[in-house]
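Raw input-v1.txt, compact mmCIF, C-alpha atoms:
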# COMPACT_ATOMS: atom_id res chain seq x y z
CA LEU P 48 -1.11 23.47 11.07
CA GLY P 49 -4.78 22.60 11.07
CA THR P 50 -4.98 22.34 7.28
CA ALA P 51 -3.45 19.54 5.23
CA GLY P 52 -0.28 20.64 3.48
CA THR P 53 3.50 20.95 3.74
CA TYR P 54 4.88 23.52 6.15
CA THR P 55 8.46 24.73 6.52
CA ILE P 56 9.32 25.87 10.05
CA ILE P 57 12.43 28.02 10.45
CA VAL P 58 13.80 28.85 13.90
CA VAL P 59 16.55 31.46 14.28
CA VAL P 60 18.47 32.51 17.40
CA HIS P 61 20.19 35.92 17.45
CA ASN P 62 22.59 37.07 20.15
CA THR P 63 21.80 40.71 20.90
CA ALA P 64 24.30 41.06 23.77
CA VAL P 65 27.55 40.44 21.90
CA THR P 66 28.67 39.80 18.37
CA ASP P 67 28.18 36.14 17.47
CA PRO P 68 31.50 34.83 16.06
CA VAL P 69 29.80 31.80 14.42
CA THR P 70 26.50 32.53 12.67
CA GLY P 71 26.41 29.34 10.64
CA ASN P 72 24.74 27.38 13.47
CA ASP P 73 22.05 29.92 14.34
CA THR P 74 19.25 28.54 12.18
CA LEU P 75 17.29 25.29 12.09
CA GLN P 76 14.79 24.37 9.41
CA HIS P 77 12.22 21.56 9.62
CA VAL P 78 9.58 20.47 7.12
CA VAL P 79 6.26 19.25 8.56
CA LYS P 80 3.63 17.41 6.53
CA VAL P 81 0.02 17.48 7.66
CA LEU P 82 -1.59 14.62 5.77
CA PRO P 83 -5.28 14.43 4.86
CA ASN P 84 -7.33 11.61 6.37
CA ASP P 85 -10.68 11.89 4.64
CA PRO P 86 -13.03 8.89 4.83
CA VAL P 87 -12.51 6.41 1.99
CA SER P 88 -15.69 5.49 0.14
CA LEU P 89 -15.86 1.98 -1.29
CA ALA P 90 -19.10 2.61 -3.18
CA THR P 91 -16.74 2.01 -6.10
CA PRO P 92 -13.41 0.20 -5.64
CA TYR P 93 -10.51 2.25 -4.35
CA ALA P 94 -7.72 1.82 -6.90
CA ASP P 95 -4.16 3.15 -6.82
CA GLY P 96 -1.71 2.46 -9.62
CA PHE P 97 0.59 5.24 -8.30
CA GLU P 98 0.20 7.11 -11.60
CA ALA P 99 -0.26 10.46 -9.82
CA ALA P 100 3.16 10.19 -8.18
CA GLU P 101 6.14 12.02 -9.61
CA ALA P 102 9.18 10.01 -10.69
CA THR P 103 11.11 10.18 -7.45
CA GLU P 104 13.71 8.39 -5.34
CA ILE P 105 13.45 8.36 -1.54
CA ARG P 106 16.21 7.24 0.83
CA GLY P 107 15.26 6.83 4.45
CA SER P 108 11.83 7.08 6.04
CA VAL P 109 9.34 9.62 4.65
CA MET P 110 5.63 10.07 5.31
CA GLY P 111 3.20 10.97 2.54
CA VAL P 112 5.23 9.81 -0.46
CA THR P 113 2.24 9.98 -2.84
CA PRO P 114 0.08 13.05 -3.58
CA ASP P 115 -3.01 11.65 -1.82
CA GLY P 116 -1.05 11.19 1.42
CA HIS P 117 -2.07 7.55 1.92
CA TRP P 118 1.38 5.95 1.57
CA ASP P 119 4.46 6.18 3.82
CA PHE P 120 7.91 4.68 3.38
CA ASN P 121 9.89 3.32 6.31
CA SER P 122 13.34 1.73 6.30
CA ALA P 123 15.32 0.07 9.07
CA ASP P 124 18.55 1.75 7.93
CA ASP P 125 19.68 4.72 5.86
CA SER P 126 20.35 2.55 2.79
CA GLY P 127 16.73 1.57 2.15
CA ARG P 128 15.28 3.10 -0.99
CA LEU P 129 11.90 3.65 -2.65
CA ARG P 130 11.46 4.66 -6.28
CA THR P 131 8.29 5.35 -8.24
CA PHE P 132 10.12 4.78 -11.52
CA VAL P 133 13.24 2.71 -12.22
CA THR P 134 13.01 1.74 -15.90
CA GLU P 135 10.15 0.91 -18.26
CA ARG P 136 10.94 -2.81 -17.89
CA ILE P 137 10.69 -2.61 -14.12
CA THR P 138 7.32 -0.80 -14.23
CA ILE P 139 4.41 -3.25 -13.99
CA ALA P 140 1.69 -1.10 -15.58
CA GLY P 141 1.33 2.46 -16.81
CA THR P 142 4.22 4.81 -16.13
CA ARG P 143 4.58 4.36 -12.36
CA SER P 144 5.10 1.49 -9.93
CA VAL P 145 6.63 1.48 -6.44
CA SER P 146 9.99 -0.31 -6.19
CA MET P 147 11.89 -0.95 -2.95
CA ASP P 148 15.50 -2.10 -2.53
CA GLN P 149 18.86 -1.02 -1.08
CA PHE P 150 20.83 1.64 -2.95
CA MET P 151 24.02 0.05 -1.57
CA PRO P 152 24.67 -3.49 -0.26
CA MET P 153 23.94 -4.00 3.43
CA GLN P 154 24.48 -7.37 5.09
CA ALA P 155 21.75 -6.79 7.70
CA GLY P 156 19.04 -6.22 5.09
CA SER P 157 16.90 -3.21 4.33
CA GLY P 158 13.71 -3.72 6.35
CA ASN P 159 11.71 -1.54 3.96
CA ASN P 160 7.97 -1.02 4.31
CA LEU P 161 5.43 0.75 2.12
CA THR P 162 2.49 1.45 4.45
CA GLY P 163 -0.93 2.66 3.36
CA THR P 164 -3.29 4.29 5.86
CA PHE P 165 -7.02 4.48 5.14
CA ASN P 166 -9.98 5.97 7.00
CA LEU P 167 -12.54 3.14 6.89
CA GLN P 168 -14.55 4.22 9.93
CA ALA P 169 -17.77 4.09 7.88
CA TYR P 170 -17.49 0.30 7.64
CA ASP P 171 -18.06 -2.51 10.14
CA THR P 172 -16.40 -5.92 10.18
CA GLY P 173 -19.70 -7.50 11.17
CA ARG P 174 -21.52 -6.21 8.09
CA HIS P 175 -18.91 -5.42 5.44
CA GLU P 176 -16.45 -7.70 3.67
CA ILE P 177 -13.53 -5.57 2.43
CA ARG P 178 -10.88 -7.19 0.29
CA MET P 179 -7.75 -6.10 -1.54
CA ASP P 180 -5.78 -6.99 -4.68
CA PHE P 181 -2.31 -6.07 -5.89
CA ASP P 182 0.40 -7.07 -8.36
CA TYR P 183 4.04 -7.51 -7.45
CA VAL P 184 7.40 -8.58 -8.85
CA LEU P 185 10.31 -10.10 -6.96
CA HIS P 186 13.38 -9.17 -8.98
CA GLY P 187 15.38 -11.99 -7.42
CA ILE P 188 14.96 -14.66 -4.79
CA PRO P 189 15.41 -12.85 -1.44
CA ASN P 190 18.54 -13.70 0.51
CA ARG P 191 16.46 -13.12 3.63
CA LYS P 192 12.93 -14.47 3.86
CA GLU P 193 11.96 -12.63 7.04
CA GLY P 194 10.32 -9.27 6.46
CA ASN P 195 9.09 -10.14 2.97
CA ILE P 196 5.44 -10.19 3.91
CA VAL P 197 2.23 -8.17 3.68
CA ARG P 198 0.68 -7.22 7.02
CA ALA P 199 -2.43 -5.33 8.09
CA ARG P 200 -4.11 -3.94 11.22
CA GLY P 201 -7.33 -2.15 12.11
CA ALA P 202 -5.63 0.93 13.61
CA ASP P 203 -2.14 2.42 13.67
CA ALA P 204 -1.70 1.60 17.37
CA ARG P 205 -2.75 -2.06 17.07
CA PRO P 206 -0.34 -5.00 16.57
CA TRP P 207 0.35 -6.06 13.00
CA ARG P 208 -1.12 -9.31 11.70
CA ASN P 209 0.22 -11.30 8.75
CA LEU P 210 -1.92 -11.13 5.62
CA TYR P 211 0.18 -12.58 2.78
CA THR P 212 3.67 -14.06 2.23
CA TYR P 213 5.24 -13.50 -1.17
CA ASN P 214 5.73 -16.49 -3.46
CA PHE P 215 9.46 -17.26 -3.41
CA ASN P 216 9.04 -20.08 -5.93
CA GLY P 217 8.04 -17.84 -8.81
CA TYR P 218 10.38 -16.89 -11.64
CA PRO P 219 12.30 -13.67 -10.82
CA GLY P 220 10.96 -10.77 -12.83
CA ALA P 221 7.53 -12.30 -13.45
CA VAL P 222 4.44 -10.35 -12.41
CA GLN P 223 2.50 -12.16 -9.69
CA THR P 224 -1.15 -11.27 -9.11
CA VAL P 225 -2.78 -11.48 -5.69
CA ARG P 226 -6.56 -11.35 -5.47
CA SER P 227 -9.27 -11.26 -2.81
CA LEU P 228 -7.28 -10.94 0.43
CA SER P 229 -9.75 -10.28 3.25
CA LEU P 230 -9.03 -7.17 5.28
CA THR P 231 -12.19 -7.87 7.25
CA ASP P 232 -10.83 -11.22 8.46
CA VAL P 233 -7.46 -9.87 9.57
CA VAL P 234 -9.01 -6.88 11.38
CA ARG P 235 -11.51 -9.14 13.18
CA GLN P 236 -8.71 -11.53 14.16
CA GLY P 237 -6.94 -8.57 15.74
CA GLY P 238 -9.94 -7.99 18.01
CA THR P 239 -10.86 -4.60 16.60
CA ASN P 240 -13.02 -2.94 13.96
CA PHE P 241 -12.40 -0.70 10.98
CA GLY P 242 -11.37 2.76 12.14
CA THR P 243 -9.80 5.97 10.94
CA SER P 244 -6.31 4.48 10.50
CA VAL P 245 -6.61 1.01 8.94
CA GLN P 246 -3.15 0.11 7.64
CA VAL P 247 -1.67 -2.24 5.06
CA ALA P 248 2.12 -2.66 4.93
CA PHE P 249 4.11 -4.20 2.09
CA GLY P 250 7.41 -5.43 3.54
CA GLN P 251 10.61 -5.83 1.53
CA ASN P 252 13.81 -7.06 3.13
CA ASP P 253 17.01 -7.89 1.29
CA THR P 254 20.66 -6.96 1.00
CA THR P 255 21.23 -5.44 -2.46
CA LEU P 256 19.55 -3.48 -5.24
CA ILE P 257 17.38 -4.06 -8.30
CA ALA P 258 19.95 -4.57 -11.07
CA ALA P 259 17.48 -5.65 -13.77
CA ASN P 260 13.94 -6.93 -13.99
CA ASN P 261 15.09 -10.47 -13.15
CA TYR P 262 18.45 -9.80 -11.51
CA GLY P 263 19.50 -8.49 -8.13
CA THR P 264 17.07 -8.21 -5.25
CA GLY P 265 14.18 -5.93 -4.36
CA MET P 266 10.52 -5.81 -5.32
CA THR P 267 7.99 -3.73 -7.22
CA ILE P 268 4.30 -3.20 -6.36
CA ASP P 269 1.43 -1.88 -8.48
CA ASN P 270 -2.33 -1.96 -9.09
CA PHE P 271 -3.48 -1.85 -5.48
CA ARG P 272 -7.28 -2.22 -5.14
CA MET P 273 -9.60 -2.23 -2.13
CA TYR P 274 -13.30 -3.06 -2.52
CA LEU P 275 -16.50 -4.39 -0.97
CA VAL P 276 -17.69 -7.97 -1.56
CA GLU P 277 -21.29 -9.14 -1.11
CA ASN P 278 -22.94 -12.58 -1.16
CA ASP P 279 -19.67 -14.38 -1.76
CA ALA P 280 -19.80 -18.18 -1.61
CA VAL P 281 -16.47 -19.88 -2.33
CA LEU P 282 -16.15 -23.42 -3.70
CA SER P 283 -13.11 -24.20 -1.61
CA GLU P 284 -12.62 -27.95 -2.06
CA ILE P 285 -13.75 -31.08 -3.89
CA VAL P 286 -13.86 -33.63 -1.09
CA SER P 287 -14.96 -36.65 -3.12
CA PRO P 288 -13.96 -38.21 -5.43
CA VAL P 289 -10.31 -37.53 -4.74
CA ALA P 290 -8.02 -36.49 -7.55
CA ASN P 291 -6.54 -39.23 -9.76
CA SER P 292 -9.02 -41.84 -8.49
CA CYS P 293 -9.01 -45.16 -10.34
CA GLY P 294 -10.55 -48.58 -9.82
CA LEU P 295 -13.58 -47.17 -8.02
CA PRO P 296 -15.99 -49.90 -6.82
CA GLY P 297 -19.07 -48.17 -8.21
CA ASN P 298 -20.91 -44.90 -7.96
CA VAL P 299 -19.06 -42.44 -5.73
CA PRO P 300 -20.82 -39.38 -4.32
CA LEU P 301 -19.72 -35.93 -5.41
CA THR P 302 -18.97 -33.99 -2.23
CA VAL P 303 -17.76 -30.41 -2.17
CA ARG P 304 -16.96 -27.91 0.55
CA VAL P 305 -18.42 -24.41 0.24
CA LYS P 306 -17.08 -21.52 2.30
CA ASN P 307 -19.14 -18.52 3.31
CA GLY P 308 -16.98 -15.58 2.26
CA VAL P 309 -18.96 -12.93 4.14
CA ASN P 310 -19.95 -12.37 7.76
CA TYR P 311 -23.67 -13.03 7.42
CA THR P 312 -25.76 -16.09 6.57
CA LEU P 313 -26.09 -17.07 2.91
CA ARG P 314 -29.11 -19.09 1.83
CA ASN P 315 -30.33 -20.88 -1.31
CA ILE P 316 -26.85 -21.45 -2.72
CA MET P 317 -27.05 -23.26 -6.03
CA LEU P 318 -24.48 -25.84 -7.10
CA ALA P 319 -24.05 -27.44 -10.51
CA TYR P 320 -21.60 -29.82 -12.18
CA THR P 321 -20.98 -31.26 -15.62
The structure given in the file should be rewritten as structure tokens.
Amino acid sequence: LGTAGTYTIIVVVHNTAVTDPVTGNDTLQHVVKVLPNDPVSLATPYADGFEAAEATEIRGSVMGVTPDGHWDFNSADDSGRLRTFVTERITIAGTRSVSMDQFMPMQAGSGNNLTGTFNLQAYDTGRHEIRMDFDYVLHGIPNRKEGNIVRARGADARPWRNLYTYNFNGYPGAVQTVRSLSLTDVVRQGGTNFGTSVQVAFGQNDTTLIAANNYGTGMTIDNFRMYLVENDAVLSEIVSPVANSCGLPGNVPLTVRVKNGVNYTLRNIMLAYT
């Protein structure tokens, strides 16, 4: 089992002393997946729109649900479901998206997770700013808010840390775009560095299924991207003047707050206004 691939192991017991009256329970079969874990290069952005996946439906927890082996599906019960195609209206882009829901109503909620594992050992949180983007759709307002969150960690044995909470105020069925989430920050906050098993988990927790693009519950994910950022200065706030100011006594200074978006010193930052 030293090579990546899918292996079927069959074990058979045969009674040679006497005739076995029940042969139907003599054989066990188990499928083992050995997943690849090659280093991920971010010389160009890593992008996954799940287009290489077959149209499939998975019930229960399965590792390696996509051909590249990066993505696993976990569910808290046997009613959780993952699909790579539901209908064309559910798909966000292309011909494939990942949708998670319950295939039958469950009061306790599904507790579904789509978890990606990436070998980022070539990168260092002190020198590299790695960020991620994705698109998602909530097909209804979740009945349960807990568990509907994106988490990340620097290794598969480290505690999870919250990275993003879905927007519950958006219109059901509308595509919501998330940009520039810092994996570097969340890994550093966890007291570790990038390693061979950096993980990102998209949580989905609700009680019913996707009935239509904007009806039922469940969520769809697409257009995952992971990339390096350099020399990033963020204009994070206009401090003065405050919004909707009126009756000012005279000239008021323009004051802004600039955030350093990387883990090294930036110099000679230019600011302009009109």
**Asked** range 117-134 of chain P: which residues within 6 Å, counting all atoms listed in the file, same-chain residues fewer than 6 positions away excluded, as a VMD selection string?
**Response** chain P and resid 102 to 111 143 to 150 157 to 164
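Counting all atoms listed in the file and comparing P:Pro92, P:Glu101, P:Gln251, P:Glu176, the residue that lies closest to Gly194 in chain P is P:Gln251.
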**Asked** CA of Arg178 in chain P and CA of Tyr213 in chain P, how far apart in Å?
**Response**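 Computing it gives 17.4 Å between the two atoms.
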Please, which residues in range 183-247 of chain P fall within 12 Å of range 296-314 of chain P when counting all atoms listed in the file, and what is the closest atom pair and distance in Å to one decimal for each, ordered by chain then residue number, as JSON lines?
{"residue": "P:Ser227", "atom": "CA", "partner": "P:Gly308", "partner_atom": "CA", "distance": 10.2}
{"residue": "P:Leu228", "atom": "CA", "partner": "P:Gly308", "partner_atom": "CA", "distance": 10.9}
{"residue": "P:Ser229", "atom": "CA", "partner": "P:Gly308", "partner_atom": "CA", "distance": 9.0}
{"residue": "P:Leu230", "atom": "CA", "partner": "P:Val309", "partner_atom": "CA", "distance": 11.5}
{"residue": "P:Thr231", "atom": "CA", "partner": "P:Asn310", "partner_atom": "CA", "distance": 9.0}
{"residue": "P:Asp232", "atom": "CA", "partner": "P:Asn310", "partner_atom": "CA", "distance": 9.2}
{"residue": "P:Arg235", "atom": "CA", "partner": "P:Asn310", "partner_atom": "CA", "distance": 10.5}
Please dump the current selection as a PDB file, in the frame of the given file; keep C-alpha atoms.
ATOM      1  CA  SER P 227      -9.270 -11.260  -2.810  1.00  0.00           C
ATOM      2  CA  LEU P 228      -7.280 -10.940   0.430  1.00  0.00           C
ATOM      3  CA  SER P 229      -9.750 -10.280   3.250  1.00  0.00           C
ATOM      4  CA  LEU P 230      -9.030  -7.170   5.280  1.00  0.00           C
ATOM      5  CA  THR P 231     -12.190  -7.870   7.250  1.00  0.00           C
ATOM      6  CA  ASP P 232     -10.830 -11.220   8.460  1.00  0.00           C
ATOM      7  CA  ARG P 235     -11.510  -9.140  13.180  1.00  0.00           C
TER       8      ARG P 235
END
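For the residues P:Gly71, P:Thr55, P:Asn270, P:Gln168, ranking by smallest atom-to-atom distance to Gly141 in chain P using only C-alpha atoms places P:Asn270 first.
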**Asked** Please, which residues are within 12 Å of (-8.1, 0.1, 14.1) by the file's coordinates, counting all atoms listed in the file, and could they come as a PyMOL selection string?
**Response** chain P and resi 164-168+170-172+199-208+230-231+233-247
**Minimum-distance residue to Pro114 in chain P, chosen among P:Leu75, P:Ala51, P:Val65, P:Val197 (using all atoms listed in the file)** =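 Between P:Leu75, P:Ala51, P:Val65, P:Val197, the residue approaching Pro114 in chain P most closely is P:Ala51.
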**Message:** Here is a test: counting only C-alpha atoms, which residue of P:Ile139, P:Met151, P:Cys293, P:Ile257 is nearest to Gly187 in chain P?
**Reply:** P:Ile257
**Prompt:** Any idea what the distance is between CA of Lys192 in chain P and CA of Tyr211 in chain P?
**Reply:**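 Computed distance, CA of Lys192 in chain P to CA of Tyr211 in chain P, equals 12.9 Å.
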